[in-house]
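Novice: File my_file22.pdb below, PDB, C-alpha atoms:
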```pdb
ATOM      1  CA  MET A 219      28.350  -7.807  20.301
ATOM      2  CA  SER A 220      26.789  -4.471  21.256
ATOM      3  CA  THR A 221      23.829  -2.933  19.465
ATOM      4  CA  THR A 222      25.954   0.029  18.390
ATOM      5  CA  THR A 223      28.594  -2.273  16.879
ATOM      6  CA  LEU A 224      25.921  -4.247  14.991
ATOM      7  CA  SER A 225      24.388  -0.971  13.832
ATOM      8  CA  THR A 226      27.722   0.275  12.515
ATOM      9  CA  ILE A 227      28.436  -3.026  10.736
ATOM     10  CA  ALA A 228      24.942  -3.071   9.171
ATOM     11  CA  TYR A 229      25.229   0.561   8.076
ATOM     12  CA  TYR A 230      28.637   0.239   6.423
ATOM     13  CA  SER A 231      27.814  -3.173   4.909
ATOM     14  CA  ALA A 232      24.713  -1.726   3.258
ATOM     15  CA  MET A 233      26.718   1.220   1.981
ATOM     16  CA  VAL A 234      29.501  -0.941   0.510
ATOM     17  CA  ILE A 235      27.051  -3.360  -1.144
ATOM     18  CA  GLY A 236      25.036  -0.412  -2.470
ATOM     19  CA  ILE A 237      28.067   1.368  -3.926
ATOM     20  CA  PHE A 238      29.485  -1.716  -5.659
ATOM     21  CA  GLY A 239      26.067  -2.799  -6.906
ATOM     22  CA  THR A 240      25.358   0.667  -8.273
ATOM     23  CA  ILE A 241      28.687   0.735 -10.109
ATOM     24  CA  MET A 242      27.828  -2.627 -11.701
ATOM     25  CA  PHE A 243      24.512  -1.261 -13.010
ATOM     26  CA  LEU A 244      25.900   2.048 -14.202
ATOM     27  CA  ARG A 245      28.303   0.104 -16.434
ATOM     28  CA  PHE A 246      25.333  -1.108 -18.531
ATOM     29  CA  ASP A 247      24.273   2.418 -19.492
ATOM     30  CA  TRP A 248      25.222   5.175 -17.087
ATOM     31  CA  LYS A 249      22.773   7.706 -18.531
ATOM     32  CA  ARG A 250      19.625   5.595 -18.354
ATOM     33  CA  TYR A 251      20.454   3.618 -15.223
ATOM     34  CA  GLY A 252      21.871   6.828 -13.736
ATOM     35  CA  LEU A 253      18.552   8.596 -14.312
ATOM     36  CA  LEU A 254      16.640   5.686 -12.731
ATOM     37  CA  PHE A 255      19.137   5.681  -9.859
ATOM     38  CA  SER A 256      18.743   9.446  -9.294
ATOM     39  CA  LEU A 257      14.943   9.415  -9.399
ATOM     40  CA  SER A 258      14.647   6.431  -7.063
ATOM     41  CA  ALA A 259      17.208   7.908  -4.624
ATOM     42  CA  PHE A 260      15.384  11.247  -4.595
ATOM     43  CA  PHE A 261      11.994   9.658  -3.910
ATOM     44  CA  ALA A 262      13.372   7.239  -1.301
ATOM     45  CA  ILE A 263      14.900  10.124   0.634
ATOM     46  CA  LEU A 264      11.804  12.309   0.183
ATOM     47  CA  LEU A 265       9.442   9.584   1.435
ATOM     48  CA  CYS A 266      11.699   8.730   4.347
ATOM     49  CA  TYR A 267      12.060  12.407   5.253
ATOM     50  CA  LEU A 268       8.276  12.847   5.224
ATOM     51  CA  PHE A 269       7.789   9.745   7.378
ATOM     52  CA  VAL A 270      10.306  11.111   9.901
ATOM     53  CA  VAL A 271       8.672  14.578   9.869
ATOM     54  CA  PHE A 272       5.239  12.980  10.427
ATOM     55  CA  GLY A 273       6.740  11.053  13.357
ATOM     56  CA  PHE A 274       6.176   7.571  11.922
ATOM     57  CA  TYR A 275       9.726   6.479  12.710
ATOM     58  CA  SER A 276      13.110   7.842  13.714
ATOM     59  CA  PHE A 277      16.799   7.071  13.325
ATOM     60  CA  PRO A 278      18.450   7.273  16.765
ATOM     61  CA  TYR A 279      21.920   6.227  15.579
ATOM     62  CA  ILE A 280      23.452   7.081  12.218
ATOM     63  CA  PRO A 281      27.202   6.680  11.669
ATOM     64  CA  LEU A 282      29.072   9.362   9.692
ATOM     65  CA  HIS A 283      26.786  12.352  10.187
ATOM     66  CA  GLN A 284      24.215  14.063  12.387
ATOM     67  CA  LEU A 285      21.368  14.240   9.850
ATOM     68  CA  LYS A 286      17.891  12.920  10.690
ATOM     69  CA  LEU A 287      18.113  10.269   7.957
ATOM     70  CA  PRO A 288      20.725   7.699   6.937
ATOM     71  CA  VAL A 289      21.116   9.607   3.671
ATOM     72  CA  TYR A 290      24.318   7.967   2.430
ATOM     73  CA  THR A 291      23.010   4.418   2.664
ATOM     74  CA  MET A 292      19.600   5.374   1.305
ATOM     75  CA  ILE A 293      21.189   6.982  -1.741
ATOM     76  CA  VAL A 294      22.660   3.635  -2.778
ATOM     77  CA  THR A 295      20.542   0.844  -1.259
ATOM     78  CA  PHE A 296      17.004   1.605  -2.424
ATOM     79  CA  PRO A 297      18.088   2.624  -5.946
ATOM     80  CA  LEU A 298      20.139  -0.581  -6.177
ATOM     81  CA  GLY A 299      16.992  -2.550  -5.331
ATOM     82  CA  VAL A 300      15.070  -0.631  -7.983
ATOM     83  CA  MET A 301      17.740  -1.277 -10.638
ATOM     84  CA  ILE A 302      17.838  -5.005  -9.794
ATOM     85  CA  GLY A 303      14.055  -5.173 -10.006
ATOM     86  CA  VAL A 304      13.806  -3.288 -13.282
ATOM     87  CA  ARG A 305      16.599  -5.256 -14.938
ATOM     88  CA  TYR A 306      15.495  -8.766 -13.926
ATOM     89  CA  SER A 307      11.710  -8.657 -13.439
ATOM     90  CA  PRO A 308       9.736 -10.715 -15.988
ATOM     91  CA  ARG A 309       8.285  -8.898 -19.003
ATOM     92  CA  LYS A 310       4.574  -9.391 -18.235
ATOM     93  CA  TRP A 311       2.991  -7.605 -15.291
ATOM     94  CA  ALA A 312       1.183 -10.757 -14.179
ATOM     95  CA  TRP A 313       4.605 -12.310 -13.512
ATOM     96  CA  LYS A 314       6.205  -9.171 -12.084
ATOM     97  CA  ILE A 315       3.928  -9.482  -9.044
ATOM     98  CA  PRO A 316       5.331 -12.871  -7.892
ATOM     99  CA  PHE A 317       8.854 -11.617  -8.639
ATOM    100  CA  TYR A 318       8.353  -8.531  -6.458
ATOM    101  CA  TRP A 319       6.542 -10.583  -3.848
ATOM    102  CA  GLY A 320       9.752 -12.500  -3.125
ATOM    103  CA  PHE A 321      11.887  -9.400  -3.587
ATOM    104  CA  ILE A 322       9.863  -7.308  -1.123
ATOM    105  CA  HIS A 323       9.669 -10.109   1.423
ATOM    106  CA  ILE A 324      13.469 -10.241   1.489
ATOM    107  CA  GLY A 325      13.635  -6.455   1.940
ATOM    108  CA  VAL A 326      11.100  -6.393   4.765
ATOM    109  CA  PHE A 327      12.838  -9.350   6.447
ATOM    110  CA  ILE A 328      16.114  -7.392   6.390
ATOM    111  CA  GLU A 329      14.279  -4.351   7.752
ATOM    112  CA  VAL A 330      12.862  -6.390  10.656
ATOM    113  CA  MET A 331      16.294  -7.851  11.441
ATOM    114  CA  ILE A 332      17.793  -4.354  11.468
ATOM    115  CA  LYS A 333      14.966  -3.104  13.682
ATOM    116  CA  LEU A 334      15.342  -5.990  16.157
ATOM    117  CA  HIS A 335      19.137  -6.157  16.387
ATOM    118  CA  THR A 336      20.367  -2.602  15.843
ATOM    119  CA  ASN A 337      19.489   0.894  16.958
ATOM    120  CA  LEU A 338      19.446   2.330  13.422
ATOM    121  CA  PHE A 339      15.703   3.063  13.452
ATOM    122  CA  GLN A 340      12.592   2.858  15.608
ATOM    123  CA  PHE A 341       8.911   2.779  14.729
ATOM    124  CA  ARG A 342       6.677   5.430  16.278
ATOM    125  CA  PHE A 343       3.131   6.817  16.078
ATOM    126  CA  GLN A 344       1.246   3.686  15.090
ATOM    127  CA  TRP A 345       3.751   2.707  12.371
ATOM    128  CA  ASP A 346       4.496  -0.991  12.064
ATOM    129  CA  ILE A 347       5.821  -3.651   9.717
ATOM    130  CA  TRP A 348       2.551  -3.750   7.759
ATOM    131  CA  ASP A 349       2.910  -0.040   6.928
ATOM    132  CA  SER A 350       6.490  -0.617   5.776
ATOM    133  CA  TYR A 351       5.417  -3.630   3.724
ATOM    134  CA  THR A 352       2.713  -1.576   1.996
ATOM    135  CA  TRP A 353       5.108   1.245   1.159
ATOM    136  CA  TRP A 354       7.719  -1.192  -0.176
ATOM    137  CA  TRP A 355       5.086  -2.407  -2.656
ATOM    138  CA  ILE A 356       4.080   1.106  -3.659
ATOM    139  CA  TYR A 357       7.691   2.244  -4.097
ATOM    140  CA  PHE A 358       8.951  -0.756  -6.076
ATOM    141  CA  LEU A 359       5.920  -1.119  -8.338
ATOM    142  CA  LEU A 360       5.980   2.613  -9.073
ATOM    143  CA  PHE A 361       9.647   2.399 -10.024
ATOM    144  CA  GLU A 362       9.074  -0.767 -12.033
ATOM    145  CA  TRP A 363       6.653   1.284 -14.125
ATOM    146  CA  ILE A 364       9.003   4.308 -14.299
ATOM    147  CA  GLY A 365      11.946   2.026 -15.054
ATOM    148  CA  GLY A 366       9.973   0.494 -17.906
ATOM    149  CA  LYS A 367       9.793   3.954 -19.467
ATOM    150  CA  ILE A 368      13.491   4.752 -18.917
ATOM    151  CA  ILE A 369      15.291   1.430 -19.483
ATOM    152  CA  PRO A 370      14.779  -0.072 -22.974
ATOM    153  CA  ASN A 371      14.362  -3.817 -23.458
ATOM    154  CA  HIS A 372      17.900  -4.327 -24.744
ATOM    155  CA  LEU A 373      19.261  -3.117 -21.363
ATOM    156  CA  ARG A 374      17.064  -5.512 -19.363
ATOM    157  CA  LYS A 375      17.502  -9.225 -18.655
ATOM    158  CA  PRO A 376      14.045 -10.353 -17.551
ATOM    159  CA  ILE A 377      13.806 -13.747 -15.905
ATOM    160  CA  PRO A 378      11.890 -15.970 -18.350
ATOM    161  CA  ILE A 379       8.302 -16.600 -17.253
ATOM    162  CA  LYS A 380       8.754 -20.358 -17.588
ATOM    163  CA  LYS A 381      11.258 -20.198 -14.685
ATOM    164  CA  PHE A 382       8.290 -19.361 -12.409
ATOM    165  CA  HIS A 383       6.311 -22.427 -13.499
ATOM    166  CA  TYR A 384       5.830 -25.320 -11.094
ATOM    167  CA  GLY A 385       9.061 -27.193 -10.429
ATOM    168  CA  GLN A 386      11.392 -24.590 -11.955
ATOM    169  CA  TRP A 387      14.076 -22.753  -9.956
ATOM    170  CA  GLY A 388      12.130 -19.453  -9.897
ATOM    171  CA  TRP A 389       9.048 -21.209  -8.521
ATOM    172  CA  LEU A 390      11.142 -22.961  -5.872
ATOM    173  CA  ILE A 391      13.054 -19.849  -4.760
ATOM    174  CA  LEU A 392       9.878 -17.744  -4.635
ATOM    175  CA  HIS A 393       8.041 -20.323  -2.513
ATOM    176  CA  VAL A 394      10.962 -20.800  -0.126
ATOM    177  CA  ILE A 395      11.263 -17.028   0.389
ATOM    178  CA  VAL A 396       7.543 -16.413   0.817
ATOM    179  CA  ILE A 397       6.833 -19.414   3.074
ATOM    180  CA  ILE A 398       9.805 -18.761   5.366
ATOM    181  CA  THR A 399       9.164 -15.017   5.640
ATOM    182  CA  ILE A 400       5.431 -15.488   6.282
ATOM    183  CA  PHE A 401       6.251 -18.018   9.001
ATOM    184  CA  LEU A 402       8.804 -15.619  10.530
ATOM    185  CA  ALA A 403       6.314 -12.728  10.308
ATOM    186  CA  GLY A 404       3.813 -14.796  12.289
ATOM    187  CA  TYR A 405       6.486 -15.631  14.846
ATOM    188  CA  TYR A 406       7.478 -11.944  15.085
ATOM    189  CA  LEU A 407       3.864 -10.795  15.531
ATOM    190  CA  GLY A 408       3.283 -13.446  18.194
ATOM    191  CA  LYS A 409       6.382 -12.314  20.022
ATOM    192  CA  VAL A 410       5.626  -8.570  19.979
ATOM    193  CA  SER A 411       1.867  -8.840  20.733
TER     194      SER A 411
END
```
As C-alpha cells, what does this structure read like?
Specialist:
Amino acid sequence: MSTTTLSTIAYYSAMVIGIFGTIMFLRFDWKRYGLLFSLSAFFAILLCYLFVVFGFYSFPYIPLHQLKLPVYTMIVTFPLGVMIGVRYSPRKWAWKIPFYWGFIHIGVFIEVMIKLHTNLFQFRFQWDIWDSYTWWWIYFLLFEWIGGKIIPNHLRKPIPIKKFHYGQWGWLILHVIVIITIFLAGYYLGKVS
C-alpha cells in the first residue's frame, strides 16, 4: 500500500472517529462540552499553526484542501481527546497524572506511527518526538484544568481511584500501555540514531 493511500486512510479515519466521538460527547451537554470542544479546537489549531510558522514541522500531504494544516481533522481529534480526558480522568490530581500518562503515550504512539508510515507530517528544525511529548502534556493538563472549570461533576464519570491500585484493571492497562510504549520508544530511537 502506498504512503499516499495510507495517509488518506489515516486522515479520513481520524476525521470519522473524531466526528462521531464529538457527537457522543455533545449529547451529554452541548453547551458545556461544546464550549470545551471549541476552546480546545481553537488552541490546538493555534499551537499547530505557530509550530508550522516557526518551521518545527510541516504537513506535505493533506487531503481535502490546500491549507498548511490538517484543520478538519484537528478540529475534531484533539478536542475529542480533551473531552475524553476531562470526562473520565480521576477526581484527584495525584491520580490524573497516571491517567494522562497512559493517555498521552497512546497519542504519541499514534503520532509516531503516522510519521513513520504516512506523509501527513514531517519534523523539521530540531523538532522531535520529545518535543511533541512535552507539548501533549502541556496541552492536555491545561485543558484538564480548564475542563474542570467548565464541566461540572455531574457531567463527568471519573474512573474510581481504586481502579488504579495494584492488581486492578486500571493499574494493569496503564502498565501495559506505558511499558510497551517506552520499549517501542527505545526501539524507535535506536533505529533513527
Novice: Which neighbours of region 292-303 of chain A fall inside 7 Å, counting only C-alpha atoms, when residues of the same chain fewer than 3 positions from it are skipped, and could you give them as a list in words?
Specialist: Ala232, Met233, Gly236, Ile237, Gly239, Thr240, Phe255, Ser258, Ala259, Ala262, Ile263, Pro288, Val289, Tyr306, Ser307, Phe358, Phe361 and Glu362 of chain A
Novice: Find the distance between CA of Gly404 (chain A) and CA of Val330 (chain A) and write it in Å to one decimal.
Specialist: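 CA of Val330 (chain A) lies at a distance of 12.5 Å from CA of Gly404 (chain A).
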Novice: Work out how far CA of Val234 (chain A) is from CA of Phe277 (chain A), in Å to one decimal.
Specialist: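 That distance, rounded to one decimal, is 19.7 Å.
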Novice: Rank nothing, just name the residue among A:Ala228, A:Tyr384, A:Tyr357, A:Ile369 nearest to Glu329 (chain A), using only C-alpha atoms.
Specialist: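 Smallest separation from Glu329 (chain A) among the options: A:Ala228.
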Novice: When the PyMOL selection byres ((chain A and resi 388-394) around 9) is applied to the file above, which residues end up in the set, as a list in words?
Specialist: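 With the PyMOL selection byres ((chain A and resi 388-394) around 9) on this model, the match is Pro316, Phe317, Trp319, Gly320, Phe321, Ile377, Ile379, Lys380, Lys381, Phe382, His383, Tyr384, Gly385, Gln386, Trp387, Ile395, Val396, Ile397, Ile398 and Thr399 of chain A.
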Novice: What is the distance between CA of Leu334 (chain A) and CA of Leu407 (chain A), in Å to one decimal?
Specialist: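 For CA of Leu334 (chain A) relative to CA of Leu407 (chain A), the distance reads 12.5 Å.
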Novice: Of the candidates A:Ser231, A:Gly273, A:Tyr318, A:Thr352, which shows the shortest atom-to-atom distance to Tyr290 (chain A), using all atoms listed in the file?
Specialist: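 Counting all atoms listed in the file, the residue closest to Tyr290 (chain A) is A:Ser231.
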Novice: Thr222 (chain A): which residues within 7 Å, counting all atoms listed in the file, same-chain residues fewer than 4 positions away excluded, as a PyMOL selection string?
Specialist: chain A and resi 226+336-337
Novice: Step by step: locate region 244-257 of chain A in the block above, keep C-alpha atoms, then write the file as an mmCIF file, in the first residue's frame.
Specialist:
```
data_model
loop_
_atom_site.group_PDB
_atom_site.id
_atom_site.type_symbol
_atom_site.label_atom_id
_atom_site.label_comp_id
_atom_site.auth_asym_id
_atom_site.auth_seq_id
_atom_site.Cartn_x
_atom_site.Cartn_y
_atom_site.Cartn_z
ATOM 1 C CA LEU A 244 -22.143 16.850 22.789
ATOM 2 C CA ARG A 245 -25.186 14.733 23.677
ATOM 3 C CA PHE A 246 -24.241 14.979 27.383
ATOM 4 C CA ASP A 247 -24.485 18.776 27.434
ATOM 5 C CA TRP A 248 -23.899 20.544 24.144
ATOM 6 C CA LYS A 249 -23.323 23.959 25.722
ATOM 7 C CA ARG A 250 -20.640 22.972 28.217
ATOM 8 C CA TYR A 251 -18.960 20.246 26.181
ATOM 9 C CA GLY A 252 -19.380 22.468 23.113
ATOM 10 C CA LEU A 253 -17.500 25.280 24.855
ATOM 11 C CA LEU A 254 -14.713 22.876 25.894
ATOM 12 C CA PHE A 255 -14.659 21.498 22.347
ATOM 13 C CA SER A 256 -14.410 24.997 20.816
ATOM 14 C CA LEU A 257 -11.662 26.201 23.151
#
```
